[in-house]
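This report concerns only the one structure given below.
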Amino acid sequence: MLSSYSYSALGTFQTCPRKFKFEYFEKPEIPKSITADAYMGNAVHRALDVLYRAPLGGTVIPLEEIIRFYRAEWEKPDRKYIMVVNEYQTVDDYIEEGRKMLEEYYDKYKPFNLGKTIGTEMNVRFRLENPPFNIKAKIDRLWKRNDNVIEICDYKTGRMPQEGVNDRSFYQQMGLYQLAVQAKFPHWEDIELVQYYLKFDEQIRRRLRADELDELKEQIRVTIVETIKAEQLDNFPTRESGLCNYCEYYKLCPAKRHRLVLEEEEGAEGSEKTTFENAARRVDLFLTRHRQLGELKAEIEALKEDMVRFARDLGINKLTGSEGEVSVKISRSEKFVTKTEDPQAFAELTSLVRKIGFEEYFKLDEKALMKEIYQKERLTPELLETFKKYVVIKEDKRVTPHHNKKDDDDE
Ligand code: SF4
């Protein structure tokens with residue numbers, strides 16, 4: 001269990017549990033590298049921090065000085081540790097992109113007198129109760145506007161979310177910041193959450209209702225419980241996505257390593273290398289057989305359809321060939337609607353059966369019970385203990401083939 005949880009830690013767990021394990025438990029020694037996007041974001045944040053710290057003392061730093069500071073930030077790291085994921089861009093492109101964002105922001109908001117900055121890059125901690133978990137938030141800028149509204153602001157240098165104000169990550173990140181600020185300053189009530197998208201000169205603004213904040217507390221609690229369960233069971237699966245290209249642990253990742261070793265980008269030697277190569281041969285055989293099986297199954301389904309059609313057309317229920325016979329039984333019976341076919345009708349049927357007292361005909365949905373109730377710990381501590389008696393740890397082995405696309409699939 002972590003000593004405290006941040007939006008970033010919880011987000012990492014939700015995006016990829018394996019990355020969470022690398023980041024917060026294994027902490028492997030890896031060559032220090034950072035993507036140009038991330039470095040640019042950090043450098044812009046540091047420059048804005050410098051800009052807003054100064055007005056606390058009543059002076060406004062000239063733009064040239066901010067840009068000089070920003071450029072100096074880029075001189076600090078060795079360029080070879082900055083990764084550029086997009087092959088059409090260079091580190092210099094990122095430097096210029098960040099400079100442009102700072103200049104536009106500066107021109108728009110100078111002389112920065114729309115309110116009073118309370119803090120920048122503020123670390124705020126609070127405790128979530130029942131059970132107690134420590135939560136920490138790092139807020140880019142907290143300020144009191146001239147209209148007396150407290151604004152929690154966060155700067156973004158990347159893309160805007162398509163969902164805009166309804167973006168889930170806005171709610172999770174900014175909501176967590178609001179919980180932290182309200183825990184520290186309980187008398188503040190009028191709080192607005194704002195994300196500034198510097199590249200687009202756009203903002204997303206939102207106020208959260210008390211019930212939305214309560215729901216968020218529950219979501220945070222559930223995610224923390226999931227991380228603790230994952231730790232207890234050592235269950236941190238990889239979750240591949242487009243974000244893998246930005247992952248610092250790519251070369252160590254169990255989902256990437258085999259390919260890297262075969263491409264000899266990352267070393268494996270001697271017997272380990274042979275094992276990797278043997279595994280590659282078995283992979284190919286498995287994929288070939290799997291494809292053949294798929295084709296065979298499709299052919300069998302089509303033949304079954306043919307059998308049924310012939311039986312209907314000829315008015316018979318047994319078909320004969322030189323290899324043997326095939327029985328075709330077409331029958332009709334009454335069945336209740338299933339949950340998948342019609343969820344609404346199924347819910348009505350369920351409540352009807354309950355109302356008339358036929359509970360014994362209900363099948364226990366043990367999967368939903370595990371996922372929604374037990375794993376999210378939505379039980380009293382006593383009941384949780386009672387349920388524990390019936391829980392067994394099982395290993396689930398799932399082997400999922402991913403066939404390469406055939407050339408003619410592209411057409
Ligand atoms: S490379 Fe992708 S799957 Fe692997 S740890 Fe990183 S984010 Fe997860």
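Chains: A, B, ... in order of the structure tokens. Residues: from 1 per chain. Ligands: from 1, in order shown.
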List every residue of stretch 154-268 of chain A that has an atom at most 12 Å from any atom of stretch 111-123 of chain A, and for each one report the closest atom pair and its distance in Å to one decimal, counting only C-alpha atoms, with rows sorted by chain and then by increasing residue number, as CSV.
residue,atom,partner,partner_atom,distance
A:Asp154,CA,A:Glu121,CA,9.7
A:Tyr155,CA,A:Glu121,CA,10.9
A:Tyr177,CA,A:Asn123,CA,10.0
A:Ala180,CA,A:Asn123,CA,9.4
A:Val181,CA,A:Asn123,CA,10.0
A:Lys184,CA,A:Asn123,CA,11.0
A:Phe185,CA,A:Ile118,CA,11.8
Env. residues ligand 1 / 8 Å / only C-alpha atoms and all ligand atoms / as a PyMOL selection string: chain A and resi 15-20+22+238-256
Residues within 9 Å of stretch 308-310 of chain A, only C-alpha atoms, excluding chain neighbours under 4 positions, as a list in words: Leu303, Lys304, Leu314, Gly315, Ile316, Asn317, Leu319, Val328, Lys329 and Ile330 of chain A
DSSP alpha helix (DSSP H) residues within stretch 114-311 of chain A, as a PyMOL selection string: chain A and resi 168-184+210-233+257-262+270-311
Test item: residues at most 6 Å from stretch 29-44 of chain A, only C-alpha atoms, excluding those fewer than 3 positions along its chain, as a PyMOL selection string: chain A and resi 47+81-84+157
Just to be explicit: take each residue in the selection above, keep N, CA and C atoms, and write the result as a PDB file, in the first residue's frame.
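And here is the file that came out, result-v4.pdb:
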ATOM      1  N   ALA A  47       8.246  27.681 -15.783  1.00  0.00           N
ATOM      2  CA  ALA A  47       8.288  29.102 -16.176  1.00  0.00           C
ATOM      3  C   ALA A  47       7.061  29.840 -15.622  1.00  0.00           C
ATOM      4  N   TYR A  81      18.892  12.135 -23.678  1.00  0.00           N
ATOM      5  CA  TYR A  81      17.885  11.523 -22.795  1.00  0.00           C
ATOM      6  C   TYR A  81      16.471  12.019 -23.081  1.00  0.00           C
ATOM      7  N   ILE A  82      16.354  12.891 -24.091  1.00  0.00           N
ATOM      8  CA  ILE A  82      15.018  13.383 -24.431  1.00  0.00           C
ATOM      9  C   ILE A  82      14.524  12.627 -25.670  1.00  0.00           C
ATOM     10  N   MET A  83      13.442  11.905 -25.503  1.00  0.00           N
ATOM     11  CA  MET A  83      12.920  11.073 -26.596  1.00  0.00           C
ATOM     12  C   MET A  83      11.870  11.854 -27.384  1.00  0.00           C
ATOM     13  N   VAL A  84      12.011  11.793 -28.702  1.00  0.00           N
ATOM     14  CA  VAL A  84      10.986  12.410 -29.543  1.00  0.00           C
ATOM     15  C   VAL A  84      10.193  11.266 -30.172  1.00  0.00           C
ATOM     16  N   THR A 157      -0.344  21.380 -21.688  1.00  0.00           N
ATOM     17  CA  THR A 157       0.377  21.739 -22.917  1.00  0.00           C
ATOM     18  C   THR A 157       0.062  20.750 -24.048  1.00  0.00           C
TER      19      THR A 157
END
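Among the candidates A:Asp107, A:Leu176, A:Ile95, A:Lys389, the one nearest to A:Ser8 when counting only C-alpha atoms is A:Leu176.
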Gap from atom CA of A:Lys138 to atom CA of A:Asp190 - Å, one decimal: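 So the answer is 20.0 Å.
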Selection: 10 Å around stretch 396-404 of chain A, only C-alpha atoms, excl. self and same-chain fewer than 3 positions, as a PyMOL selection string: chain A and resi 283-284+286-288+290-291+393+407+409
Can you write out the residues you just picked, keeping N, CA and C atoms, as an mmCIF file, in the first residue's frame?
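Result written to again.cif:
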data_model
loop_
_atom_site.group_PDB
_atom_site.id
_atom_site.type_symbol
_atom_site.label_atom_id
_atom_site.label_comp_id
_atom_site.auth_asym_id
_atom_site.auth_seq_id
_atom_site.Cartn_x
_atom_site.Cartn_y
_atom_site.Cartn_z
ATOM 1 N N VAL A 283 4.968 -19.882 -31.059
ATOM 2 C CA VAL A 283 3.953 -18.850 -31.304
ATOM 3 C C VAL A 283 3.430 -18.993 -32.736
ATOM 4 N N ASP A 284 4.367 -19.138 -33.671
ATOM 5 C CA ASP A 284 3.950 -19.237 -35.074
ATOM 6 C C ASP A 284 3.071 -20.460 -35.303
ATOM 7 N N PHE A 286 1.236 -22.023 -33.055
ATOM 8 C CA PHE A 286 -0.052 -21.793 -32.388
ATOM 9 C C PHE A 286 -0.959 -20.897 -33.251
ATOM 10 N N LEU A 287 -0.366 -19.847 -33.805
ATOM 11 C CA LEU A 287 -1.176 -18.921 -34.610
ATOM 12 C C LEU A 287 -1.686 -19.598 -35.880
ATOM 13 N N THR A 288 -0.840 -20.441 -36.489
ATOM 14 C CA THR A 288 -1.278 -21.145 -37.698
ATOM 15 C C THR A 288 -2.469 -22.059 -37.376
ATOM 16 N N HIS A 290 -4.449 -21.894 -34.857
ATOM 17 C CA HIS A 290 -5.598 -21.102 -34.419
ATOM 18 C C HIS A 290 -6.366 -20.562 -35.622
ATOM 19 N N ARG A 291 -5.616 -20.117 -36.615
ATOM 20 C CA ARG A 291 -6.278 -19.601 -37.830
ATOM 21 C C ARG A 291 -7.032 -20.742 -38.532
ATOM 22 N N ILE A 393 -8.497 -18.235 -4.231
ATOM 23 C CA ILE A 393 -7.670 -17.566 -5.250
ATOM 24 C C ILE A 393 -7.499 -18.535 -6.418
ATOM 25 N N ASP A 407 -1.751 -9.307 -46.193
ATOM 26 C CA ASP A 407 -1.695 -8.195 -47.159
ATOM 27 C C ASP A 407 -3.052 -7.926 -47.785
ATOM 28 N N ASP A 409 -5.885 -8.347 -46.488
ATOM 29 C CA ASP A 409 -6.859 -7.777 -45.545
ATOM 30 C C ASP A 409 -6.924 -6.275 -45.696
#
DSSP strand (DSSP E) residues within stretch 116-182 of chain A, listed as a count of residues only: 33
Top pick for closest residue to A:Arg207, considering A:Asn130, A:Thr12, A:Ser4, A:Gln195 and counting only C-alpha atoms: A:Gln195
Two-atom distance - atom CA of A:Tyr5, atom CA of A:Lys136 (Å): 6.0 Å
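The nearest approach to A:Arg259 among the residues A:Arg221, A:Lys273, A:Lys394, A:Arg46, with only C-alpha atoms taken into account, belongs to A:Lys273.
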Spatial neighbours of A:Phe170, max dist 10 Å, only C-alpha atoms, sep filter under 2 positions, as a list in words: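 Close residues of A:Phe170: Pro161, Glu163, Gly164, Val165, Asn166, Asp167, Arg168, Gln172, Gln173, Met174, Gly175, Leu176, Leu193, Val194, Gln195, Ile204, Arg205 and Arg206 of chain A.
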Just the selected residues (N, CA and C atoms), exported as a PDB file, in the first residue's frame, please.
ATOM      1  N   PRO A 161      -9.276  17.417 -24.502  1.00  0.00           N
ATOM      2  CA  PRO A 161     -10.127  16.219 -24.556  1.00  0.00           C
ATOM      3  C   PRO A 161     -11.336  16.470 -25.457  1.00  0.00           C
ATOM      4  N   GLU A 163     -14.238  15.315 -25.176  1.00  0.00           N
ATOM      5  CA  GLU A 163     -15.497  15.438 -24.421  1.00  0.00           C
ATOM      6  C   GLU A 163     -15.629  16.801 -23.749  1.00  0.00           C
ATOM      7  N   GLY A 164     -14.588  17.649 -23.850  1.00  0.00           N
ATOM      8  CA  GLY A 164     -14.644  18.981 -23.257  1.00  0.00           C
ATOM      9  C   GLY A 164     -14.922  18.920 -21.776  1.00  0.00           C
ATOM     10  N   VAL A 165     -15.927  19.688 -21.344  1.00  0.00           N
ATOM     11  CA  VAL A 165     -16.215  19.817 -19.921  1.00  0.00           C
ATOM     12  C   VAL A 165     -16.709  18.497 -19.300  1.00  0.00           C
ATOM     13  N   ASN A 166     -17.181  17.580 -20.145  1.00  0.00           N
ATOM     14  CA  ASN A 166     -17.651  16.296 -19.623  1.00  0.00           C
ATOM     15  C   ASN A 166     -16.546  15.252 -19.553  1.00  0.00           C
ATOM     16  N   ASP A 167     -15.326  15.676 -19.831  1.00  0.00           N
ATOM     17  CA  ASP A 167     -14.213  14.738 -19.813  1.00  0.00           C
ATOM     18  C   ASP A 167     -14.066  14.115 -18.418  1.00  0.00           C
ATOM     19  N   ARG A 168     -13.942  12.800 -18.405  1.00  0.00           N
ATOM     20  CA  ARG A 168     -13.882  12.070 -17.153  1.00  0.00           C
ATOM     21  C   ARG A 168     -12.611  12.408 -16.359  1.00  0.00           C
ATOM     22  N   GLN A 172     -12.023  13.657 -12.524  1.00  0.00           N
ATOM     23  CA  GLN A 172     -11.216  12.914 -11.556  1.00  0.00           C
ATOM     24  C   GLN A 172     -10.047  13.749 -11.026  1.00  0.00           C
ATOM     25  N   GLN A 173      -9.370  14.455 -11.936  1.00  0.00           N
ATOM     26  CA  GLN A 173      -8.197  15.222 -11.499  1.00  0.00           C
ATOM     27  C   GLN A 173      -8.608  16.486 -10.736  1.00  0.00           C
ATOM     28  N   MET A 174      -9.443  17.298 -11.376  1.00  0.00           N
ATOM     29  CA  MET A 174      -9.764  18.588 -10.768  1.00  0.00           C
ATOM     30  C   MET A 174     -10.650  18.397  -9.529  1.00  0.00           C
ATOM     31  N   GLY A 175     -11.495  17.383  -9.568  1.00  0.00           N
ATOM     32  CA  GLY A 175     -12.342  17.081  -8.405  1.00  0.00           C
ATOM     33  C   GLY A 175     -11.475  16.706  -7.210  1.00  0.00           C
ATOM     34  N   LEU A 176     -10.431  15.894  -7.473  1.00  0.00           N
ATOM     35  CA  LEU A 176      -9.525  15.514  -6.373  1.00  0.00           C
ATOM     36  C   LEU A 176      -8.838  16.763  -5.819  1.00  0.00           C
ATOM     37  N   LEU A 193     -13.140  25.251 -11.063  1.00  0.00           N
ATOM     38  CA  LEU A 193     -12.015  24.442 -11.541  1.00  0.00           C
ATOM     39  C   LEU A 193     -11.755  24.814 -12.991  1.00  0.00           C
ATOM     40  N   VAL A 194     -10.495  25.122 -13.304  1.00  0.00           N
ATOM     41  CA  VAL A 194     -10.200  25.567 -14.674  1.00  0.00           C
ATOM     42  C   VAL A 194      -8.939  24.887 -15.198  1.00  0.00           C
ATOM     43  N   GLN A 195      -9.057  24.317 -16.361  1.00  0.00           N
ATOM     44  CA  GLN A 195      -7.866  23.813 -17.053  1.00  0.00           C
ATOM     45  C   GLN A 195      -7.572  24.747 -18.217  1.00  0.00           C
ATOM     46  N   ILE A 204     -11.189  24.986 -20.030  1.00  0.00           N
ATOM     47  CA  ILE A 204     -12.365  24.198 -19.635  1.00  0.00           C
ATOM     48  C   ILE A 204     -12.648  24.591 -18.190  1.00  0.00           C
ATOM     49  N   ARG A 205     -13.863  25.060 -17.954  1.00  0.00           N
ATOM     50  CA  ARG A 205     -14.237  25.531 -16.612  1.00  0.00           C
ATOM     51  C   ARG A 205     -15.413  24.728 -16.113  1.00  0.00           C
ATOM     52  N   ARG A 206     -15.395  24.444 -14.834  1.00  0.00           N
ATOM     53  CA  ARG A 206     -16.531  23.717 -14.271  1.00  0.00           C
ATOM     54  C   ARG A 206     -16.575  23.873 -12.755  1.00  0.00           C
TER      55      ARG A 206
END
Pairwise distance for atom CA of A:Gln89 and atom CA of A:Trp74, rounded to one decimal in Å: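 Between these atoms lies a distance of 16.1 Å.
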